[in-house]
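J.: Okay, handing you the structure first.
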Amino acid sequence: MRQYISQNDIDRNGFLAIGGKDFRYLRSVLRVKAGDMISVRLPSGSLQPMTVCLIDEKAKKISLQICDLAQSAKMENQPEETESIESCEFTLFMAVPKSAKFDQIVRQATECGVARIVPVQTEFSQKGSEKMNFRSERFERIIKEARQQSGSPVTTKIENCLNFTEAAELWQSETQHLSEPEKLAVVLYERNDSTVSILEACERVQNPKKIALFCGSEGGISPREIEFLQKSGFTAVHLKTNILRCETAALYGIAALQTLL
């Protein structure tokens, strides 16, 4: 585990108590023991090194303490890690695929530091997805475990499912104050007509503040939807690769944009 994500702050004496499901995860899954060091991501976003000082099997509690006060003060005064990653907000608009695939997409997007995942109901997306609870405890668990494993400082969130028009309007409303070199919205399209390469799409972006990737589900995105997205400020991109599954395309698109930008 690269980090433990805590919902609580350290108390004034430098201790943090862990119980419930987190106790079972740390003790039974990761098998931590007294003396082990853990990097703790606090609610503020800062990363704090702490030591396991006490494990109470009867009360099902683990106590952590700050292991180096000097190092703690140094980390609080150096927030560059979080700021550098979060300065450019990355949103994944994902046409809802089958449940197992969406779980995988959420996990991988979280590991890559995507700030927000917006499920979208499209012509080819999973039927009934607009009724799904995307803010359930299950998705919160997937995100938390992915962040803990990857060490991502970004607090990834899943929004409620939007229809196609609402998704485009959301992007327009949130970026209307930004200049063209500060924003980029890309939609992946399996056909190559009216598209550009992902490199060409990124060339005009100089100081990105907000980046969006729109990825279709099984079956891709319809020509009508592509045309609507292009009118809403999205650039249609064709990846000159093999045919990719939707969960592969989402990860590929995220990685390509992050690398180029």
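The way I read the labels, and the way they are meant: chains A, B, ... in the order of the structure tokens, residue 1 as the first residue of every chain, and ligand 1 as the first ligand shown, with later ones counted on from there.
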Between stretch 133-161 of chain A and stretch 89-102 of chain A, at 12 Å or less, what are the per-residue closest atom pairs and their distances in Å? Count only C-alpha atoms, order by chain and rising residue number, and return it as JSON lines.

T.:
{"residue": "A:Asn133", "atom": "CA", "partner": "A:Ser99", "partner_atom": "CA", "distance": 11.6}
{"residue": "A:Phe134", "atom": "CA", "partner": "A:Phe102", "partner_atom": "CA", "distance": 10.3}
{"residue": "A:Arg138", "atom": "CA", "partner": "A:Ser99", "partner_atom": "CA", "distance": 11.8}
{"residue": "A:Phe139", "atom": "CA", "partner": "A:Phe102", "partner_atom": "CA", "distance": 10.0}
{"residue": "A:Ile142", "atom": "CA", "partner": "A:Phe102", "partner_atom": "CA", "distance": 10.9}
{"residue": "A:Val154", "atom": "CA", "partner": "A:Glu89", "partner_atom": "CA", "distance": 9.4}
{"residue": "A:Thr155", "atom": "CA", "partner": "A:Glu89", "partner_atom": "CA", "distance": 10.8}
{"residue": "A:Thr156", "atom": "CA", "partner": "A:Thr91", "partner_atom": "CA", "distance": 9.6}
{"residue": "A:Lys157", "atom": "CA", "partner": "A:Thr91", "partner_atom": "CA", "distance": 9.6}
{"residue": "A:Ile158", "atom": "CA", "partner": "A:Leu92", "partner_atom": "CA", "distance": 9.6}
{"residue": "A:Glu159", "atom": "CA", "partner": "A:Phe93", "partner_atom": "CA", "distance": 9.9}
{"residue": "A:Asn160", "atom": "CA", "partner": "A:Phe93", "partner_atom": "CA", "distance": 11.3}
{"residue": "A:Cys161", "atom": "CA", "partner": "A:Val96", "partner_atom": "CA", "distance": 8.6}

J.: Next, write the just-selected residues to a file, as a short mmCIF file (atom, residue, chain, number, x, y, z; two decimals), in the first residue's frame, keeping all heavy atoms as the atom set.

T.:
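result_0.cif written:
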data_model
loop_
_atom_site.label_atom_id
_atom_site.label_comp_id
_atom_site.auth_asym_id
_atom_site.auth_seq_id
_atom_site.Cartn_x
_atom_site.Cartn_y
_atom_site.Cartn_z
N ASN A 133 -26.86 3.82 -8.81
CA ASN A 133 -26.32 4.68 -7.75
C ASN A 133 -24.80 4.71 -7.88
O ASN A 133 -24.11 3.78 -7.45
CB ASN A 133 -26.73 4.16 -6.38
CG ASN A 133 -26.19 5.03 -5.25
OD1 ASN A 133 -25.69 6.14 -5.48
ND2 ASN A 133 -26.27 4.54 -4.03
N PHE A 134 -24.28 5.78 -8.48
CA PHE A 134 -22.84 5.88 -8.71
C PHE A 134 -22.11 6.49 -7.52
O PHE A 134 -20.89 6.68 -7.58
CB PHE A 134 -22.56 6.69 -9.97
CG PHE A 134 -22.97 5.97 -11.23
CD1 PHE A 134 -24.16 6.26 -11.87
CD2 PHE A 134 -22.15 4.98 -11.77
CE1 PHE A 134 -24.54 5.60 -13.03
CE2 PHE A 134 -22.52 4.31 -12.92
CZ PHE A 134 -23.72 4.61 -13.55
N ARG A 138 -19.91 1.03 -2.50
CA ARG A 138 -19.06 0.15 -3.31
C ARG A 138 -18.07 0.96 -4.14
O ARG A 138 -16.88 0.65 -4.20
CB ARG A 138 -19.92 -0.72 -4.22
CG ARG A 138 -19.11 -1.69 -5.08
CD ARG A 138 -20.04 -2.69 -5.76
NE ARG A 138 -20.89 -2.05 -6.73
CZ ARG A 138 -20.57 -1.89 -8.02
NH1 ARG A 138 -19.40 -2.33 -8.46
NH2 ARG A 138 -21.40 -1.31 -8.86
N PHE A 139 -18.55 2.01 -4.81
CA PHE A 139 -17.65 2.84 -5.61
C PHE A 139 -16.68 3.62 -4.73
O PHE A 139 -15.53 3.83 -5.11
CB PHE A 139 -18.45 3.78 -6.51
CG PHE A 139 -19.04 3.11 -7.71
CD1 PHE A 139 -20.42 3.06 -7.89
CD2 PHE A 139 -18.23 2.51 -8.65
CE1 PHE A 139 -20.96 2.43 -8.99
CE2 PHE A 139 -18.77 1.87 -9.76
CZ PHE A 139 -20.14 1.83 -9.92
N ILE A 142 -13.94 1.22 -4.00
CA ILE A 142 -13.06 1.01 -5.15
C ILE A 142 -12.08 2.18 -5.30
O ILE A 142 -10.88 1.97 -5.53
CB ILE A 142 -13.89 0.85 -6.44
CG1 ILE A 142 -14.66 -0.48 -6.42
CG2 ILE A 142 -13.00 0.92 -7.69
CD1 ILE A 142 -15.63 -0.64 -7.56
N VAL A 154 -4.86 12.82 -5.61
CA VAL A 154 -6.08 13.42 -6.15
C VAL A 154 -7.31 12.74 -5.56
O VAL A 154 -7.42 11.51 -5.58
CB VAL A 154 -6.12 13.30 -7.69
CG1 VAL A 154 -7.40 13.91 -8.25
CG2 VAL A 154 -4.90 13.99 -8.29
N THR A 155 -8.23 13.53 -5.06
CA THR A 155 -9.48 13.01 -4.49
C THR A 155 -10.47 12.77 -5.62
O THR A 155 -11.23 13.66 -6.02
CB THR A 155 -10.07 13.98 -3.46
OG1 THR A 155 -9.08 14.28 -2.47
CG2 THR A 155 -11.29 13.37 -2.78
N THR A 156 -10.46 11.58 -6.18
CA THR A 156 -11.32 11.23 -7.31
C THR A 156 -12.78 11.14 -6.86
O THR A 156 -13.09 10.55 -5.83
CB THR A 156 -10.89 9.89 -7.93
OG1 THR A 156 -9.51 9.99 -8.32
CG2 THR A 156 -11.75 9.55 -9.14
N LYS A 157 -13.68 11.73 -7.65
CA LYS A 157 -15.11 11.72 -7.34
C LYS A 157 -15.89 11.16 -8.54
O LYS A 157 -15.49 11.35 -9.69
CB LYS A 157 -15.61 13.13 -7.04
CG LYS A 157 -14.94 13.80 -5.85
CD LYS A 157 -15.32 13.15 -4.54
CE LYS A 157 -14.75 13.92 -3.36
NZ LYS A 157 -15.05 13.24 -2.06
N ILE A 158 -17.01 10.49 -8.25
CA ILE A 158 -17.93 10.05 -9.29
C ILE A 158 -19.20 10.88 -9.17
O ILE A 158 -19.79 10.98 -8.08
CB ILE A 158 -18.28 8.56 -9.17
CG1 ILE A 158 -17.03 7.69 -9.26
CG2 ILE A 158 -19.25 8.16 -10.28
CD1 ILE A 158 -17.31 6.20 -9.20
N GLU A 159 -19.62 11.47 -10.28
CA GLU A 159 -20.85 12.25 -10.29
C GLU A 159 -22.05 11.35 -10.58
O GLU A 159 -21.90 10.18 -10.94
CB GLU A 159 -20.76 13.35 -11.37
CG GLU A 159 -19.58 14.29 -11.21
CD GLU A 159 -19.71 15.20 -10.01
OE1 GLU A 159 -20.82 15.26 -9.41
OE2 GLU A 159 -18.71 15.85 -9.65
N ASN A 160 -23.24 11.91 -10.42
CA ASN A 160 -24.44 11.20 -10.82
C ASN A 160 -24.48 11.10 -12.34
O ASN A 160 -23.88 11.90 -13.05
CB ASN A 160 -25.69 11.93 -10.31
CG ASN A 160 -25.83 11.84 -8.80
OD1 ASN A 160 -25.51 10.81 -8.20
ND2 ASN A 160 -26.29 12.91 -8.18
N CYS A 161 -25.21 10.10 -12.84
CA CYS A 161 -25.28 9.87 -14.29
C CYS A 161 -26.02 11.02 -14.97
O CYS A 161 -27.07 11.47 -14.51
CB CYS A 161 -25.99 8.55 -14.56
SG CYS A 161 -25.93 8.04 -16.28
#

J.: Within 7 Å of A:Gly220, counting only C-alpha atoms, which residues show up once you throw out same-chain ones fewer than 4 positions away? Write them as a CSV table (one decimal) with N, CA, C and O atoms, in the first residue's frame, please.

T.:
chain,number,residue,atom,x,y,z
A,124,PHE,N,-25.6,4.0,-27.0
A,124,PHE,CA,-25.1,2.6,-26.9
A,124,PHE,C,-24.7,2.2,-25.5
A,124,PHE,O,-24.2,1.1,-25.3
A,190,GLU,N,-14.2,5.8,-33.1
A,190,GLU,CA,-13.6,4.6,-33.8
A,190,GLU,C,-13.4,4.9,-35.3
A,190,GLU,O,-12.6,4.2,-35.9
A,216,GLY,N,-16.7,6.3,-25.3
A,216,GLY,CA,-17.9,5.6,-25.5
A,216,GLY,C,-17.9,4.2,-24.8
A,216,GLY,O,-16.9,3.8,-24.3

J.: If you run DSSP on the backbone, which residues of stretch 4-231 of chain A are strand (DSSP E), as number ranges by chain?

T.: A: 4-5, 15-18, 37-41, 47-56, 61-66, 89-95, 116-121, 157-158, 162-163, 183-188, 210-215

J.: For stretch 33-47 of chain A, please output as a VMD selection string all residues within 8 Å (counting only C-alpha atoms; exclusion window: fewer than 2 positions along the same chain).

T.: chain A and resid 2 to 9 27 31 49 to 55 75 to 76 79 82 153

J.: Quick one: residues within 12 Å of A:Leu244, only C-alpha atoms counted, chain neighbours fewer than 2 positions away excluded, as a short mmCIF file (atom, residue, chain, number, x, y, z; two decimals) with C-alpha atoms, in the first residue's frame?

T.:
data_model
loop_
_atom_site.label_atom_id
_atom_site.label_comp_id
_atom_site.auth_asym_id
_atom_site.auth_seq_id
_atom_site.Cartn_x
_atom_site.Cartn_y
_atom_site.Cartn_z
CA LEU A 188 -12.52 9.18 -28.86
CA TYR A 189 -14.08 8.02 -32.13
CA GLU A 190 -13.58 4.65 -33.78
CA CYS A 215 -15.15 7.73 -24.12
CA GLY A 216 -17.93 5.56 -25.51
CA SER A 217 -19.17 2.26 -24.14
CA GLU A 218 -19.52 -1.03 -26.03
CA GLY A 219 -20.48 -0.05 -29.57
CA GLY A 220 -18.74 3.32 -29.41
CA HIS A 238 -9.13 8.72 -33.82
CA LEU A 239 -6.52 6.50 -32.21
CA LYS A 240 -4.52 4.76 -34.92
CA THR A 241 -4.20 1.52 -33.00
CA ASN A 242 -5.86 -1.86 -32.97
CA CYS A 246 -14.03 0.59 -24.04
CA GLU A 247 -12.15 -0.05 -20.78
CA THR A 248 -8.84 -0.16 -22.71
CA ALA A 249 -9.69 2.94 -24.75
CA ALA A 250 -10.44 4.96 -21.61
CA LEU A 251 -7.11 4.08 -20.00
CA TYR A 252 -5.21 4.56 -23.28
CA GLY A 253 -6.79 7.99 -23.82
#

J.: Using DSSP on the backbone coordinates, identify the residues of stretch 37-250 of chain A assigned to helix (DSSP H, G or I); present them as a ChimeraX atom specification.

T.: /A:69-76,80-86,99-111,129-131,137-150,164-175,180-182,198-202,223-231,246-250

J.: Go through A:Lys61, A:Arg204, A:Lys131, A:Arg224 and flag the residue nearest A:Thr165, using only C-alpha atoms for the distances.

T.: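 Nearest candidate to A:Thr165 out of A:Lys61, A:Arg204, A:Lys131, A:Arg224: A:Arg224.
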
J.: Which residues, written as a ChimeraX atom specification, have at least one atom at most 10 Å from A:Ser232, with only C-alpha atoms counted and residues fewer than 5 positions away on the same chain left out?

T.: /A:165,167-169,171-172,185,226-227

J.: Which is closer to A:Ile66 than all the others in A:Ile10, A:Val186, A:Leu229, A:Ala17, using only C-alpha atoms?

T.: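 Looking only at the distances to A:Ile66, the closest residue turns out to be A:Ile10.
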
J.: In Å to one decimal, how far is atom CA of A:Gly151 from atom CA of A:Gln108?

T.: 12.7 Å

J.: For A:Asn163, which residue among A:Cys112, A:Met132, A:Val29, A:Val120 is the nearest when counting only C-alpha atoms?

T.: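 With only C-alpha atoms as the atom set, the closest residue is A:Val120.
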